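Input: a single structure, listed below in structure tokens.
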Amino acid sequence: MPIEVNGKSLEVDEEGYLANINDWEPGVADVMSKEDDLTLTDEHWDIINYLREYYEEYQIAPAVRVLTKAVGKKFGKDKGNSKYLYGLFPYGPAKQACRYAGLPKPTGCV
Amino acid sequence: MSAEMTEFSLERGLQAWREEIDAPTATFFSSCVRCGLCAQACPFFVETGDPQYTPIHKLEPLRRVWEREFTLLGKLKAKLGFGQPITDAMLDEWEPLLYDSCSMCGRCSMVCPAGNDIQYMIRKTREGMVASGHAPEGLVAASVRAVKTGSPMGLQWKTLEVQIQHVETATELQVPIDQPDADYLVLLSSMEIINFPEYLEAITKIFAHAGVSWTLSKECFEATNAGIQIGSKDIAAVLVQRVVDAAVKLRVKNVISPECGHAYTAIRWEGPNAIKQAYPFKVFHIIEVLDQLRATGRLKLEGKETDRLSMHDPCNLARKSGVIDEQRRLINLVADNFVDLKEHGKFQWCCGAGGGVSSNERAEPLKLAAFQRKKAQIEEIKPERLVTMCATCRTQLEEGLEEFNMEIPVVGLTEMIAEHLVEGEKP
């Protein structure tokens, strides 16, 4: 089922991740968070925007530990921990925030 | 993924098990005395107290095939309609037992008084689970990515290239790429590349210091083997062959498996059997290579860590491969206050995340439950920091320690050694 963002219809996969990362615009996060009954604050946007930057550099969606560590490096230790990030993104910081940021679903190692 | 991987069926699973049942397997099943010692050795049982996590019980699908088709009594019972059949419904029930509650740590095999190698049979049982279409979604996805992209995380060379640039900027050294005739081909794990790039920085410094000739290969940098974890000989062989091809093309003498546990058992022990061919090179874990450099006087180190350090041995490295003294000789070069966990080396307890558990989302609660055994061990010793040598163990330790509000940083041994190199001096 595609999602409607600012009058445009965007393809998503069965788990709700954007099919094409280049379709992303801030409205995507607004629409997706509304569906989850979540109000996005500046703190959410810091993480979403950072994920866009992160993907631009590393070309991979970070798994939860990777995200936690990277956020710690960027925003300091009080934000680089899973309690803070779960507080913002209760469905799992990496999965939910990557989805809002238009990234693919993060993967783990074997 | 090969075409046959997409055609799963119960019959294919049964066929896979018939092929897996060998003389050791038959002997093991006939010699089990149901003493239950394997349960006491398993962190998943010990921390949940749930009898379904008894290791030998997890093998029931394979045991039933053996009984029904390989024993006289079982054949007779099956003929008269008394035998227990294997159905898809039964396999649905066993899938979490074989994957979510087993990290193939091998502690059960070690304690079995009859000498039954239970984790060897778990590995075999997983072959039939894959063939019958009963492997966890997360591991299937990781295996597909490994075959298609070379990495279980879907990580590409361009990501490694970014990290190489960071390392080169930080160290002012060059990371050699595709250098023919190098002594060592260095492999990495995806988790190390993205989450612990300090490992690549550390070996870049150490090898420059010790004058080791090494290279990365653009064609194959991944050491992990999703085929071994999920239980697919076909996928395992494809992934091992990529390493062999890259090593042969560059004519290297040795291949170094990174700070990852299962990558080492995959390439060092299972690999030649998987591709049915001997390697024209040797395989070492990075810890073995560092210990050789130590023994030959090629590491010049200075200063010591003074805080209380302890160590987590990866199961694949210590119990399953016998690399135990090497990491202790190395840490004692750079640490004044190193204390081992009470059960360590071949008796160590698993972190709870190996054997594919870490890529299986459904297993997350069990993974955390199993970690509590490690937590109890850590609480006995109360170290200020933990040292280990596997990216999956390290990720799990960090995650678990944070969950229980224990502020104990986890460091990789290779990077700790690199921090003590005497700069600008070659031994």
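In the structure tokens, the first chain shown is A, the next is B, and so on; residue numbers restart at 1 for each chain, and ligands run from 1 in the order shown.
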
Next on the checklist: Only residues of chain A matter here; which ones have an atom within 7 Å of chain B, counting only C-alpha atoms? Give them as a ChimeraX atom specification.
Outcome noted: /A:58-60,65-66,107-110

Mind writing the picked residues with N, CA and C atoms as a PDB file, in the first residue's frame?
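Resulting contents of result05.pdb:
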```pdb
ATOM      1  N   TYR A  58      27.654   6.593   4.836  1.00  0.00           N
ATOM      2  CA  TYR A  58      28.013   5.172   4.956  1.00  0.00           C
ATOM      3  C   TYR A  58      27.210   4.231   4.070  1.00  0.00           C
ATOM      4  N   GLN A  59      26.128   4.715   3.475  1.00  0.00           N
ATOM      5  CA  GLN A  59      25.328   3.889   2.555  1.00  0.00           C
ATOM      6  C   GLN A  59      24.757   2.636   3.207  1.00  0.00           C
ATOM      7  N   ILE A  60      24.478   2.726   4.498  1.00  0.00           N
ATOM      8  CA  ILE A  60      23.873   1.578   5.172  1.00  0.00           C
ATOM      9  C   ILE A  60      23.025   2.110   6.328  1.00  0.00           C
ATOM     10  N   ARG A  65      22.646  -0.897  17.919  1.00  0.00           N
ATOM     11  CA  ARG A  65      23.889  -0.587  18.633  1.00  0.00           C
ATOM     12  C   ARG A  65      24.728   0.426  17.865  1.00  0.00           C
ATOM     13  N   VAL A  66      24.698   0.259  16.537  1.00  0.00           N
ATOM     14  CA  VAL A  66      25.479   1.155  15.682  1.00  0.00           C
ATOM     15  C   VAL A  66      24.931   2.573  15.812  1.00  0.00           C
ATOM     16  N   THR A 107      19.893  -3.828   9.321  1.00  0.00           N
ATOM     17  CA  THR A 107      20.162  -5.267   9.358  1.00  0.00           C
ATOM     18  C   THR A 107      21.186  -5.564  10.444  1.00  0.00           C
ATOM     19  N   GLY A 108      21.183  -6.804  10.923  1.00  0.00           N
ATOM     20  CA  GLY A 108      22.170  -7.204  11.930  1.00  0.00           C
ATOM     21  C   GLY A 108      23.187  -8.150  11.314  1.00  0.00           C
ATOM     22  N   CYS A 109      24.275  -8.374  12.056  1.00  0.00           N
ATOM     23  CA  CYS A 109      25.284  -9.316  11.584  1.00  0.00           C
ATOM     24  C   CYS A 109      24.895 -10.725  12.026  1.00  0.00           C
ATOM     25  N   VAL A 110      25.466 -11.743  11.387  1.00  0.00           N
ATOM     26  CA  VAL A 110      25.197 -13.117  11.799  1.00  0.00           C
ATOM     27  C   VAL A 110      26.210 -13.550  12.848  1.00  0.00           C
TER      28      VAL A 110
END
```

Next on the checklist: Which of chain A end up as alpha helix (DSSP H) when DSSP is run on this backbone - answer as a ChimeraX atom specification?
Outcome noted: /A:26-35,42-58,64-75,82-88,93-100

Write to file, as a short mmCIF file (atom, residue, chain, number, x, y, z; two decimals), in the first residue's frame, the residues of the selection just made, with N, CA and C atoms.
```cif
data_model
loop_
_atom_site.label_atom_id
_atom_site.label_comp_id
_atom_site.auth_asym_id
_atom_site.auth_seq_id
_atom_site.Cartn_x
_atom_site.Cartn_y
_atom_site.Cartn_z
N PRO A 26 10.60 15.65 4.22
CA PRO A 26 10.22 15.68 5.64
C PRO A 26 8.78 15.23 5.87
N GLY A 27 7.90 15.50 4.92
CA GLY A 27 6.50 15.10 5.06
C GLY A 27 6.33 13.60 5.27
N VAL A 28 7.28 12.79 4.79
CA VAL A 28 7.21 11.33 4.96
C VAL A 28 7.21 11.00 6.46
N ALA A 29 8.13 11.63 7.19
CA ALA A 29 8.22 11.37 8.64
C ALA A 29 6.95 11.85 9.33
N ASP A 30 6.40 12.97 8.88
CA ASP A 30 5.16 13.48 9.49
C ASP A 30 4.02 12.48 9.31
N VAL A 31 3.87 11.99 8.07
CA VAL A 31 2.78 11.05 7.78
C VAL A 31 2.96 9.76 8.58
N MET A 32 4.19 9.21 8.57
CA MET A 32 4.44 7.93 9.25
C MET A 32 4.25 8.07 10.76
N SER A 33 4.71 9.19 11.33
CA SER A 33 4.59 9.34 12.79
C SER A 33 3.13 9.53 13.19
N LYS A 34 2.35 10.19 12.34
CA LYS A 34 0.93 10.36 12.64
C LYS A 34 0.26 8.98 12.73
N GLU A 35 0.63 8.09 11.80
CA GLU A 35 0.06 6.73 11.83
C GLU A 35 0.43 6.01 13.14
N ASP A 42 11.72 18.45 18.09
CA ASP A 42 13.05 18.76 17.55
C ASP A 42 14.04 17.62 17.85
N GLU A 43 13.86 16.98 19.01
CA GLU A 43 14.76 15.87 19.37
C GLU A 43 14.61 14.69 18.39
N HIS A 44 13.36 14.42 17.98
CA HIS A 44 13.15 13.39 16.96
C HIS A 44 13.83 13.79 15.64
N TRP A 45 13.63 15.07 15.30
CA TRP A 45 14.19 15.53 14.01
C TRP A 45 15.71 15.50 13.99
N ASP A 46 16.33 15.74 15.16
CA ASP A 46 17.80 15.63 15.23
C ASP A 46 18.24 14.24 14.77
N ILE A 47 17.54 13.22 15.28
CA ILE A 47 17.92 11.85 14.95
C ILE A 47 17.59 11.54 13.48
N ILE A 48 16.41 11.95 13.03
CA ILE A 48 16.01 11.67 11.64
C ILE A 48 16.98 12.35 10.67
N ASN A 49 17.28 13.61 10.93
CA ASN A 49 18.20 14.31 10.02
C ASN A 49 19.60 13.71 10.07
N TYR A 50 20.00 13.27 11.27
CA TYR A 50 21.31 12.66 11.40
C TYR A 50 21.36 11.34 10.62
N LEU A 51 20.26 10.59 10.67
CA LEU A 51 20.22 9.33 9.91
C LEU A 51 20.35 9.59 8.41
N ARG A 52 19.76 10.66 7.93
CA ARG A 52 19.90 11.01 6.50
C ARG A 52 21.38 11.26 6.19
N GLU A 53 22.04 12.02 7.07
CA GLU A 53 23.48 12.30 6.88
C GLU A 53 24.30 11.02 6.95
N TYR A 54 23.95 10.19 7.94
CA TYR A 54 24.69 8.94 8.17
C TYR A 54 24.61 8.07 6.92
N TYR A 55 23.41 7.95 6.37
CA TYR A 55 23.23 7.10 5.19
C TYR A 55 23.99 7.68 3.99
N GLU A 56 23.94 8.98 3.88
CA GLU A 56 24.66 9.66 2.79
C GLU A 56 26.15 9.27 2.83
N GLU A 57 26.72 9.23 4.04
CA GLU A 57 28.13 8.90 4.15
C GLU A 57 28.40 7.40 4.05
N TYR A 58 27.65 6.59 4.84
CA TYR A 58 28.01 5.17 4.96
C TYR A 58 27.21 4.23 4.07
N VAL A 64 20.63 -1.06 15.81
CA VAL A 64 20.43 -0.27 17.03
C VAL A 64 21.73 0.08 17.78
N ARG A 65 22.65 -0.90 17.92
CA ARG A 65 23.89 -0.59 18.63
C ARG A 65 24.73 0.43 17.87
N VAL A 66 24.70 0.26 16.54
CA VAL A 66 25.48 1.15 15.68
C VAL A 66 24.93 2.57 15.81
N LEU A 67 23.60 2.68 15.79
CA LEU A 67 22.96 3.99 15.90
C LEU A 67 23.26 4.62 17.26
N THR A 68 23.14 3.82 18.32
CA THR A 68 23.37 4.33 19.67
C THR A 68 24.78 4.91 19.78
N LYS A 69 25.74 4.16 19.27
CA LYS A 69 27.13 4.59 19.35
C LYS A 69 27.36 5.86 18.52
N ALA A 70 26.78 5.86 17.31
CA ALA A 70 26.97 7.00 16.42
C ALA A 70 26.32 8.25 17.01
N VAL A 71 25.13 8.11 17.60
CA VAL A 71 24.44 9.24 18.22
C VAL A 71 25.26 9.76 19.40
N GLY A 72 25.86 8.82 20.16
CA GLY A 72 26.71 9.21 21.28
C GLY A 72 27.88 10.07 20.82
N LYS A 73 28.48 9.67 19.71
CA LYS A 73 29.62 10.42 19.17
C LYS A 73 29.20 11.82 18.72
N LYS A 74 28.01 11.89 18.11
CA LYS A 74 27.55 13.14 17.50
C LYS A 74 26.93 14.09 18.53
N PHE A 75 26.05 13.53 19.41
CA PHE A 75 25.27 14.40 20.29
C PHE A 75 25.65 14.28 21.77
N SER A 82 20.41 3.67 24.86
CA SER A 82 19.15 3.17 24.30
C SER A 82 17.93 3.69 25.06
N LYS A 83 18.09 4.06 26.33
CA LYS A 83 16.92 4.57 27.05
C LYS A 83 16.42 5.87 26.43
N TYR A 84 17.34 6.77 26.15
CA TYR A 84 16.96 8.04 25.51
C TYR A 84 16.32 7.77 24.16
N LEU A 85 16.96 6.90 23.36
CA LEU A 85 16.47 6.67 22.00
C LEU A 85 15.15 5.91 21.98
N TYR A 86 14.98 4.94 22.90
CA TYR A 86 13.69 4.24 23.00
C TYR A 86 12.60 5.19 23.47
N GLY A 87 12.99 6.16 24.31
CA GLY A 87 12.03 7.18 24.76
C GLY A 87 11.47 7.94 23.58
N LEU A 88 12.32 8.23 22.61
CA LEU A 88 11.87 8.96 21.42
C LEU A 88 11.13 8.05 20.45
N PRO A 93 14.46 2.25 18.24
CA PRO A 93 15.02 3.47 17.67
C PRO A 93 15.57 3.30 16.26
N ALA A 94 16.27 2.20 16.01
CA ALA A 94 16.87 2.06 14.68
C ALA A 94 15.76 1.83 13.65
N LYS A 95 14.88 0.89 13.94
CA LYS A 95 13.85 0.53 12.96
C LYS A 95 12.89 1.69 12.68
N GLN A 96 12.35 2.26 13.76
CA GLN A 96 11.35 3.30 13.58
C GLN A 96 11.97 4.58 12.99
N ALA A 97 13.12 4.99 13.51
CA ALA A 97 13.73 6.22 13.02
C ALA A 97 14.22 6.06 11.58
N CYS A 98 14.74 4.89 11.23
CA CYS A 98 15.17 4.66 9.84
C CYS A 98 13.98 4.73 8.90
N ARG A 99 12.86 4.18 9.36
CA ARG A 99 11.65 4.21 8.52
C ARG A 99 11.22 5.66 8.29
N TYR A 100 11.19 6.46 9.34
CA TYR A 100 10.80 7.87 9.19
C TYR A 100 11.78 8.63 8.29
#
```

Checklist entry - Would you give me, as an NGL selection string, the residues in chain A that DSSP reads as strand (DSSP E or B)? => result :A and (3-5 or 8-10 or 12 or 18)

Checklist entry - So which one's closest to A:Thr39, A:Pro106, A:Leu18, A:Leu10, A:Phe89? Using only C-alpha atoms, please. => result A:Phe89

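With distances restricted to only C-alpha atoms, B:Pro96 is the closest residue to B:Pro365 from B:Leu290, B:Ile417, B:Pro96, B:Glu137.
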
Checklist entry - What does the distance from atom CA of B:Ala16 to atom CA of B:Leu37 come to in Å, to one decimal? => result 28.6 Å
